[in-house]
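Chemist: Have a look at the structure that comes next, please.
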Amino acid sequence: MTPVWRSLLYVPAHQEKHVGSARVREADAVILDLEDAVPPELKATARAALGAAIKAVGRWGADVLVRVNAEAGLIEEDVRAAVRPGVCALVLPKVESGDEIRRIDRLVQAAETEAGVAHGATRLLVLVETAKGLLALPSILEASARIIAVNLGNEDFARDLGVEPSEETLRLPRQQMVIAAAANGVAPLGLVGQATRFDDLDGYREVAVRSRRLGHVGAACIHPSQISVLNAVFAPSEAEVSEALAIVDAARMAGVGAFALNGRMIDKPILSRAQALLERRRMIERKIEDRGNN
């Protein structure tokens with residue numbers, strides 16, 4: 001599965017007014033949160049609300065994910081509650097080792113059996129939020145075939161390093177994350193800078209544009225107003241599509257390994273990049289069409 005997750009909106013699982021809001025309908029995915037957005041005394045309430053929340057969010061056609069808690073005693077209950085029809089992936093916070101992933105993989109498989117869900121149907125989005133987790137990222141991403149995406153938790157990661165979550169401090173770790181993701185065939189998500197403000201959409205868009213240039217293919221957001229920005233930035237532009245079509249058409253006509261187009265030498269890597277961009281556009285169009293049928 002290659003996810004088309006340009007935008008992933010966090011929604012507290014226990015807050016019915018947010019779960020049922022039509023404003024979530026434009027997000028490619030909705031993350032029902034059992035972790036940071038839920039106070040300790042309401043964890044059980046949020047867990048119990050998952051069934052109704054999954055149905056409410058799923059009716060818009062968005063992919064439904066659930067962010068579980070990392071702590072022992074909570075994650076086991078969260079996984080049992082979250083693994084069910086209608087949930088495509090779990091979001092795993094604070095991952096620091098491949099051993100953690102293998103243990104969670106076993107929990108998920110047992111929960112799939114209990115819920116009557118096909119083994120392997122529940123995928124994983126890994127959140128790296130510490131220096132230890134970043135250094136272990138290659139072994140983390142190799143630990144389970146369920147993993148389809150990875151993100152760096154900017155705020156927690158910066159706190160662990162004792163720095164501000166700025167583009168300057170996050171660029172290198174995010175590049176490392178993108179490289180590890182590419183090596184393991186998973187989607188790199190997130191923004192290379194602070195993403196917690198939603199009152200400056202122009203600034204938010206600029207951060208998203210720079211993040212895409214670094215190789216990110218989508219990002220999570222905390223406010224519905226950010227969804228349209230992410231959907232636009234992380235989709236091929238009309239100019240990019242036109243250029244890619246010209247390259248592919250010229251390659252078909254040339255019939256050779258390398259050729260010139262508008263004063264530019266086109267070889268296999270450039271052609272492959274153009275083909276990948278057109279395929280991503282097709283995937284996005286299919287997703288939009290499928291949601292329009294819901």
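Labels used: A, B, ... for chains in the order of the structure tokens, numbers from 1 for residues in each chain, and numbers from 1 for ligands as shown.
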Looking only at the backbone, which of the residues in region 23-269 of chain A does DSSP tag as alpha helix (DSSP H), as a PyMOL selection string?

Modeler: chain A and resi 43-48+50-58+75-82+98-115+131-135+137-141+154-161+167-184+201-213+227-233+238-254+268-269

Chemist: Excluding same-chain residues fewer than 4 positions from Ser139 (chain A), what lies within 12 Å of it counting only C-alpha atoms, as number ranges by chain?

Modeler: A: 95-102, 132-135, 143-144, 147, 180-181, 183-184

Chemist: Just to be explicit: take each residue in the selection above, keep all heavy atoms, and write the result as a compact mmCIF listing (two decimals), in the first residue's frame.

Modeler:
# COMPACT_ATOMS: atom_id res chain seq x y z
N VAL A 95 8.53 5.96 19.23
CA VAL A 95 9.21 4.70 18.93
C VAL A 95 10.72 4.89 18.97
O VAL A 95 11.25 5.86 18.42
CB VAL A 95 8.79 4.17 17.54
CG1 VAL A 95 9.54 2.90 17.20
CG2 VAL A 95 7.28 3.93 17.51
N GLU A 96 11.42 3.96 19.63
CA GLU A 96 12.86 4.10 19.78
C GLU A 96 13.65 2.86 19.38
O GLU A 96 14.88 2.89 19.39
CB GLU A 96 13.21 4.46 21.22
CG GLU A 96 12.74 5.83 21.65
CD GLU A 96 13.29 6.26 23.00
OE1 GLU A 96 13.46 5.38 23.88
OE2 GLU A 96 13.55 7.48 23.17
N SER A 97 12.96 1.77 19.00
CA SER A 97 13.72 0.57 18.63
C SER A 97 12.88 -0.36 17.77
O SER A 97 11.65 -0.32 17.79
CB SER A 97 14.16 -0.19 19.89
OG SER A 97 13.06 -0.83 20.50
N GLY A 98 13.59 -1.21 17.04
CA GLY A 98 12.91 -2.23 16.25
C GLY A 98 12.21 -3.24 17.13
O GLY A 98 11.18 -3.80 16.75
N ASP A 99 12.74 -3.49 18.33
CA ASP A 99 12.10 -4.43 19.25
C ASP A 99 10.70 -3.95 19.63
O ASP A 99 9.78 -4.77 19.76
CB ASP A 99 12.95 -4.61 20.51
CG ASP A 99 14.21 -5.43 20.25
OD1 ASP A 99 14.25 -6.15 19.23
OD2 ASP A 99 15.15 -5.36 21.07
N GLU A 100 10.54 -2.64 19.83
CA GLU A 100 9.21 -2.10 20.13
C GLU A 100 8.25 -2.39 18.99
O GLU A 100 7.09 -2.79 19.22
CB GLU A 100 9.30 -0.59 20.34
CG GLU A 100 10.01 -0.15 21.59
CD GLU A 100 10.07 1.38 21.68
OE1 GLU A 100 9.04 2.03 21.42
OE2 GLU A 100 11.16 1.90 21.96
N ILE A 101 8.71 -2.19 17.77
CA ILE A 101 7.85 -2.44 16.61
C ILE A 101 7.46 -3.91 16.53
O ILE A 101 6.29 -4.24 16.26
CB ILE A 101 8.57 -2.00 15.32
CG1 ILE A 101 8.77 -0.49 15.29
CG2 ILE A 101 7.78 -2.46 14.09
CD1 ILE A 101 7.49 0.32 15.24
N ARG A 102 8.39 -4.80 16.75
CA ARG A 102 8.08 -6.23 16.67
C ARG A 102 7.08 -6.63 17.75
O ARG A 102 6.17 -7.44 17.49
CB ARG A 102 9.37 -7.05 16.78
CG ARG A 102 10.19 -7.04 15.48
CD ARG A 102 11.42 -7.92 15.59
NE ARG A 102 12.49 -7.24 16.33
CZ ARG A 102 13.39 -6.45 15.78
NH1 ARG A 102 13.36 -6.22 14.48
NH2 ARG A 102 14.33 -5.89 16.52
N LYS A 132 17.36 9.14 20.28
CA LYS A 132 17.57 7.69 20.25
C LYS A 132 16.75 7.05 19.14
O LYS A 132 17.24 6.16 18.42
CB LYS A 132 17.17 7.09 21.60
CG LYS A 132 17.38 5.59 21.72
CD LYS A 132 17.01 5.09 23.12
CE LYS A 132 17.19 3.57 23.21
NZ LYS A 132 16.82 3.08 24.57
N GLY A 133 15.52 7.49 18.98
CA GLY A 133 14.68 6.95 17.93
C GLY A 133 15.21 7.25 16.55
O GLY A 133 15.18 6.41 15.66
N LEU A 134 15.73 8.47 16.35
CA LEU A 134 16.27 8.83 15.04
C LEU A 134 17.47 7.97 14.70
O LEU A 134 17.60 7.48 13.56
CB LEU A 134 16.65 10.31 15.00
CG LEU A 134 17.20 10.81 13.66
CD1 LEU A 134 16.13 10.74 12.59
CD2 LEU A 134 17.74 12.22 13.79
N LEU A 135 18.36 7.75 15.65
CA LEU A 135 19.55 6.94 15.39
C LEU A 135 19.18 5.49 15.10
O LEU A 135 19.91 4.79 14.39
CB LEU A 135 20.51 7.02 16.58
CG LEU A 135 21.15 8.39 16.82
CD1 LEU A 135 22.03 8.36 18.05
CD2 LEU A 135 21.95 8.84 15.60
N ALA A 143 11.69 -3.37 10.83
CA ALA A 143 11.19 -4.33 11.81
C ALA A 143 9.82 -4.91 11.48
O ALA A 143 9.44 -5.93 12.05
CB ALA A 143 11.15 -3.67 13.19
N SER A 144 9.06 -4.28 10.59
CA SER A 144 7.73 -4.79 10.27
C SER A 144 7.30 -4.36 8.88
O SER A 144 7.48 -3.20 8.49
CB SER A 144 6.70 -4.27 11.29
OG SER A 144 5.38 -4.63 10.91
N ILE A 147 4.71 -1.27 8.32
CA ILE A 147 5.05 0.16 8.32
C ILE A 147 4.93 0.72 6.91
O ILE A 147 5.55 0.22 5.98
CB ILE A 147 6.47 0.39 8.86
CG1 ILE A 147 6.57 -0.10 10.31
CG2 ILE A 147 6.84 1.87 8.77
CD1 ILE A 147 7.98 -0.03 10.87
N ALA A 180 16.10 7.44 5.16
CA ALA A 180 15.74 6.15 5.73
C ALA A 180 14.41 5.66 5.16
O ALA A 180 14.24 4.46 4.89
CB ALA A 180 15.67 6.24 7.25
N ALA A 181 13.47 6.57 4.97
CA ALA A 181 12.17 6.20 4.40
C ALA A 181 12.33 5.67 2.98
O ALA A 181 11.75 4.65 2.61
CB ALA A 181 11.22 7.39 4.43
N ALA A 183 14.96 4.33 1.66
CA ALA A 183 15.67 3.05 1.68
C ALA A 183 14.74 1.90 2.02
O ALA A 183 15.02 0.75 1.66
CB ALA A 183 16.83 3.12 2.67
N ASN A 184 13.64 2.19 2.72
CA ASN A 184 12.73 1.13 3.16
C ASN A 184 11.37 1.19 2.48
O ASN A 184 10.46 0.44 2.86
CB ASN A 184 12.56 1.21 4.67
CG ASN A 184 13.81 0.77 5.42
OD1 ASN A 184 14.02 -0.42 5.64
ND2 ASN A 184 14.66 1.71 5.80

Chemist: Kindly indicate which residue among A:Val87, A:Val30, A:Leu141, A:Gln194 lies nearest to Glu164 (chain A), using only C-alpha atoms for the distances.

Modeler: A:Gln194

Chemist: Between A:Leu152, A:Ala187, A:Leu172, A:Ala29, which has the minimum distance to Pro224 (chain A) (counting only C-alpha atoms)?

Modeler: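 Smallest separation from Pro224 (chain A) among the options: A:Ala29.
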
Chemist: If we count only C-alpha atoms and set the cut-off at 8 Å, which residues sit around Lys287 (chain A), ignoring sequence neighbours fewer than 4 positions away in its own chain? Please answer as a list in words.

Modeler: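 My reading of the contact set: Val4, Met283 and Arg291 of chain A.
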
Chemist: Keeping only N, CA and C atoms, write the selected residues to a file as an mmCIF file, in the first residue's frame.

Modeler:
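Here's the written file out.cif:
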data_model
loop_
_atom_site.group_PDB
_atom_site.id
_atom_site.type_symbol
_atom_site.label_atom_id
_atom_site.label_comp_id
_atom_site.auth_asym_id
_atom_site.auth_seq_id
_atom_site.Cartn_x
_atom_site.Cartn_y
_atom_site.Cartn_z
ATOM 1 N N VAL A 4 -1.852 7.789 -0.069
ATOM 2 C CA VAL A 4 -1.969 9.160 -0.563
ATOM 3 C C VAL A 4 -2.451 9.988 0.615
ATOM 4 N N MET A 283 -2.914 8.791 -8.663
ATOM 5 C CA MET A 283 -3.349 8.274 -7.367
ATOM 6 C C MET A 283 -4.198 9.289 -6.618
ATOM 7 N N ARG A 291 -13.671 9.341 -3.060
ATOM 8 C CA ARG A 291 -14.335 10.052 -1.962
ATOM 9 C C ARG A 291 -15.590 10.744 -2.454
#

Chemist: So which residues touch region 33-35 of chain A within 7 Å, counting only C-alpha atoms, skipping near sequence neighbours fewer than 4 positions away, as a VMD selection string?

Modeler: chain A and resid 10 to 13 43 46 to 47 66 to 69

Chemist: Write out as an mmCIF file with N, CA and C atoms, in the first residue's frame each polymer residue whose atoms come within 12 Å of Asp105 (chain A), counting only C-alpha atoms; drop sequence neighbours fewer than 4 positions from it.

Modeler:
data_model
loop_
_atom_site.group_PDB
_atom_site.id
_atom_site.type_symbol
_atom_site.label_atom_id
_atom_site.label_comp_id
_atom_site.auth_asym_id
_atom_site.auth_seq_id
_atom_site.Cartn_x
_atom_site.Cartn_y
_atom_site.Cartn_z
ATOM 1 N N ILE A 75 -1.115 0.997 25.788
ATOM 2 C CA ILE A 75 -1.028 0.619 24.382
ATOM 3 C C ILE A 75 -1.767 -0.683 24.103
ATOM 4 N N GLU A 76 -1.714 -1.628 25.048
ATOM 5 C CA GLU A 76 -2.403 -2.894 24.823
ATOM 6 C C GLU A 76 -3.908 -2.683 24.674
ATOM 7 N N VAL A 79 -4.654 -0.715 21.349
ATOM 8 C CA VAL A 79 -4.564 -1.542 20.137
ATOM 9 C C VAL A 79 -5.804 -2.426 20.005
ATOM 10 N N VAL A 83 -7.950 -1.662 16.537
ATOM 11 C CA VAL A 83 -7.874 -2.599 15.412
ATOM 12 C C VAL A 83 -9.271 -3.138 15.136
ATOM 13 N N ALA A 89 -4.751 2.182 9.694
ATOM 14 C CA ALA A 89 -3.409 2.212 10.282
ATOM 15 C C ALA A 89 -3.448 2.739 11.709
ATOM 16 N N LEU A 90 -2.441 2.339 12.478
ATOM 17 C CA LEU A 90 -2.210 2.887 13.807
ATOM 18 C C LEU A 90 -1.019 3.830 13.743
ATOM 19 N N LEU A 92 2.018 5.230 15.840
ATOM 20 C CA LEU A 92 2.784 4.805 17.012
ATOM 21 C C LEU A 92 3.718 5.920 17.453
ATOM 22 N N GLY A 98 13.592 -1.207 17.035
ATOM 23 C CA GLY A 98 12.914 -2.226 16.254
ATOM 24 C C GLY A 98 12.212 -3.240 17.130
ATOM 25 N N ASP A 99 12.744 -3.491 18.327
ATOM 26 C CA ASP A 99 12.104 -4.434 19.249
ATOM 27 C C ASP A 99 10.704 -3.955 19.630
ATOM 28 N N GLU A 100 10.539 -2.642 19.826
ATOM 29 C CA GLU A 100 9.215 -2.101 20.128
ATOM 30 C C GLU A 100 8.246 -2.395 18.989
ATOM 31 N N ILE A 101 8.706 -2.193 17.772
ATOM 32 C CA ILE A 101 7.854 -2.437 16.610
ATOM 33 C C ILE A 101 7.455 -3.908 16.527
ATOM 34 N N GLN A 109 -1.427 -8.180 15.469
ATOM 35 C CA GLN A 109 -1.889 -9.418 14.842
ATOM 36 C C GLN A 109 -2.897 -10.138 15.734
ATOM 37 N N ALA A 110 -2.639 -10.154 17.024
ATOM 38 C CA ALA A 110 -3.590 -10.781 17.940
ATOM 39 C C ALA A 110 -4.921 -10.027 17.927
ATOM 40 N N ALA A 111 -4.851 -8.705 17.864
ATOM 41 C CA ALA A 111 -6.075 -7.913 17.825
ATOM 42 C C ALA A 111 -6.831 -8.124 16.523
ATOM 43 N N GLU A 112 -6.104 -8.291 15.417
ATOM 44 C CA GLU A 112 -6.765 -8.574 14.142
ATOM 45 C C GLU A 112 -7.526 -9.889 14.203
ATOM 46 N N HIS A 119 -5.133 -10.572 8.657
ATOM 47 C CA HIS A 119 -3.789 -10.312 9.141
ATOM 48 C C HIS A 119 -3.010 -9.454 8.142
ATOM 49 N N GLY A 120 -2.394 -8.414 8.657
ATOM 50 C CA GLY A 120 -1.621 -7.512 7.807
ATOM 51 C C GLY A 120 -2.402 -6.334 7.296
ATOM 52 N N ALA A 121 -3.723 -6.315 7.523
ATOM 53 C CA ALA A 121 -4.545 -5.221 7.009
ATOM 54 C C ALA A 121 -4.309 -3.926 7.767
ATOM 55 N N THR A 122 -3.908 -4.018 9.019
ATOM 56 C CA THR A 122 -3.674 -2.832 9.838
ATOM 57 C C THR A 122 -2.225 -2.396 9.678
ATOM 58 N N ARG A 123 -2.026 -1.219 9.089
ATOM 59 C CA ARG A 123 -0.676 -0.747 8.830
ATOM 60 C C ARG A 123 -0.212 0.169 9.961
ATOM 61 N N LEU A 124 1.046 0.605 9.870
ATOM 62 C CA LEU A 124 1.636 1.398 10.940
ATOM 63 C C LEU A 124 2.278 2.666 10.391
ATOM 64 N N ILE A 140 14.281 0.401 12.926
ATOM 65 C CA ILE A 140 12.847 0.518 13.199
ATOM 66 C C ILE A 140 12.037 0.233 11.941
ATOM 67 N N ALA A 143 11.692 -3.370 10.829
ATOM 68 C CA ALA A 143 11.191 -4.329 11.814
ATOM 69 C C ALA A 143 9.823 -4.906 11.481
ATOM 70 N N SER A 144 9.063 -4.279 10.588
ATOM 71 C CA SER A 144 7.732 -4.788 10.271
ATOM 72 C C SER A 144 7.302 -4.361 8.877
ATOM 73 N N ALA A 145 6.708 -5.305 8.168
ATOM 74 C CA ALA A 145 6.173 -5.007 6.838
ATOM 75 C C ALA A 145 4.904 -4.168 6.928
ATOM 76 N N ARG A 146 4.373 -3.995 8.120
ATOM 77 C CA ARG A 146 3.176 -3.173 8.284
ATOM 78 C C ARG A 146 3.466 -1.677 8.132
ATOM 79 N N ILE A 147 4.713 -1.266 8.324
ATOM 80 C CA ILE A 147 5.046 0.157 8.320
ATOM 81 C C ILE A 147 4.927 0.724 6.908
#

Chemist: Neighbours of Glu289 (chain A) within 12 Å (only C-alpha atoms; same-chain residues fewer than 5 positions away dropped), as a ChimeraX atom specification?

Modeler: /A:61-62,282-284,294

Chemist: Can you pull out the residues contacting Glu168 (chain A)? Cut-off 9 Å, using only C-alpha atoms, and skip same-chain residues under 3 positions away; I want them as a PyMOL selection string.

Modeler: chain A and resi 165+171-172+192-193

Chemist: Of the candidates A:Ala232, A:Val217, A:Val163, A:Met253, which shows the shortest atom-to-atom distance to Arg280 (chain A), using only C-alpha atoms?

Modeler: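 Ranking A:Ala232, A:Val217, A:Val163, A:Met253 by distance to Arg280 (chain A), first place goes to A:Val217.
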
Chemist: Which of these residues is nearest to Val178 (chain A), using only C-alpha atoms: A:Ala220, A:Ala149, A:Ala56, A:Ala131?

Modeler: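 Under the stated criterion, the closest residue is A:Ala149.
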
Chemist: To one decimal place in Å, what is the distance between CA of Val126 (chain A) and CA of Ala27 (chain A)?

Modeler: 19.4 Å

Chemist: Please compute the CA of Asp28 (chain A)-CA of Trp5 (chain A) distance, one decimal, in Å.

Modeler: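 About the pair CA of Asp28 (chain A) and CA of Trp5 (chain A): they are 5.3 Å apart.
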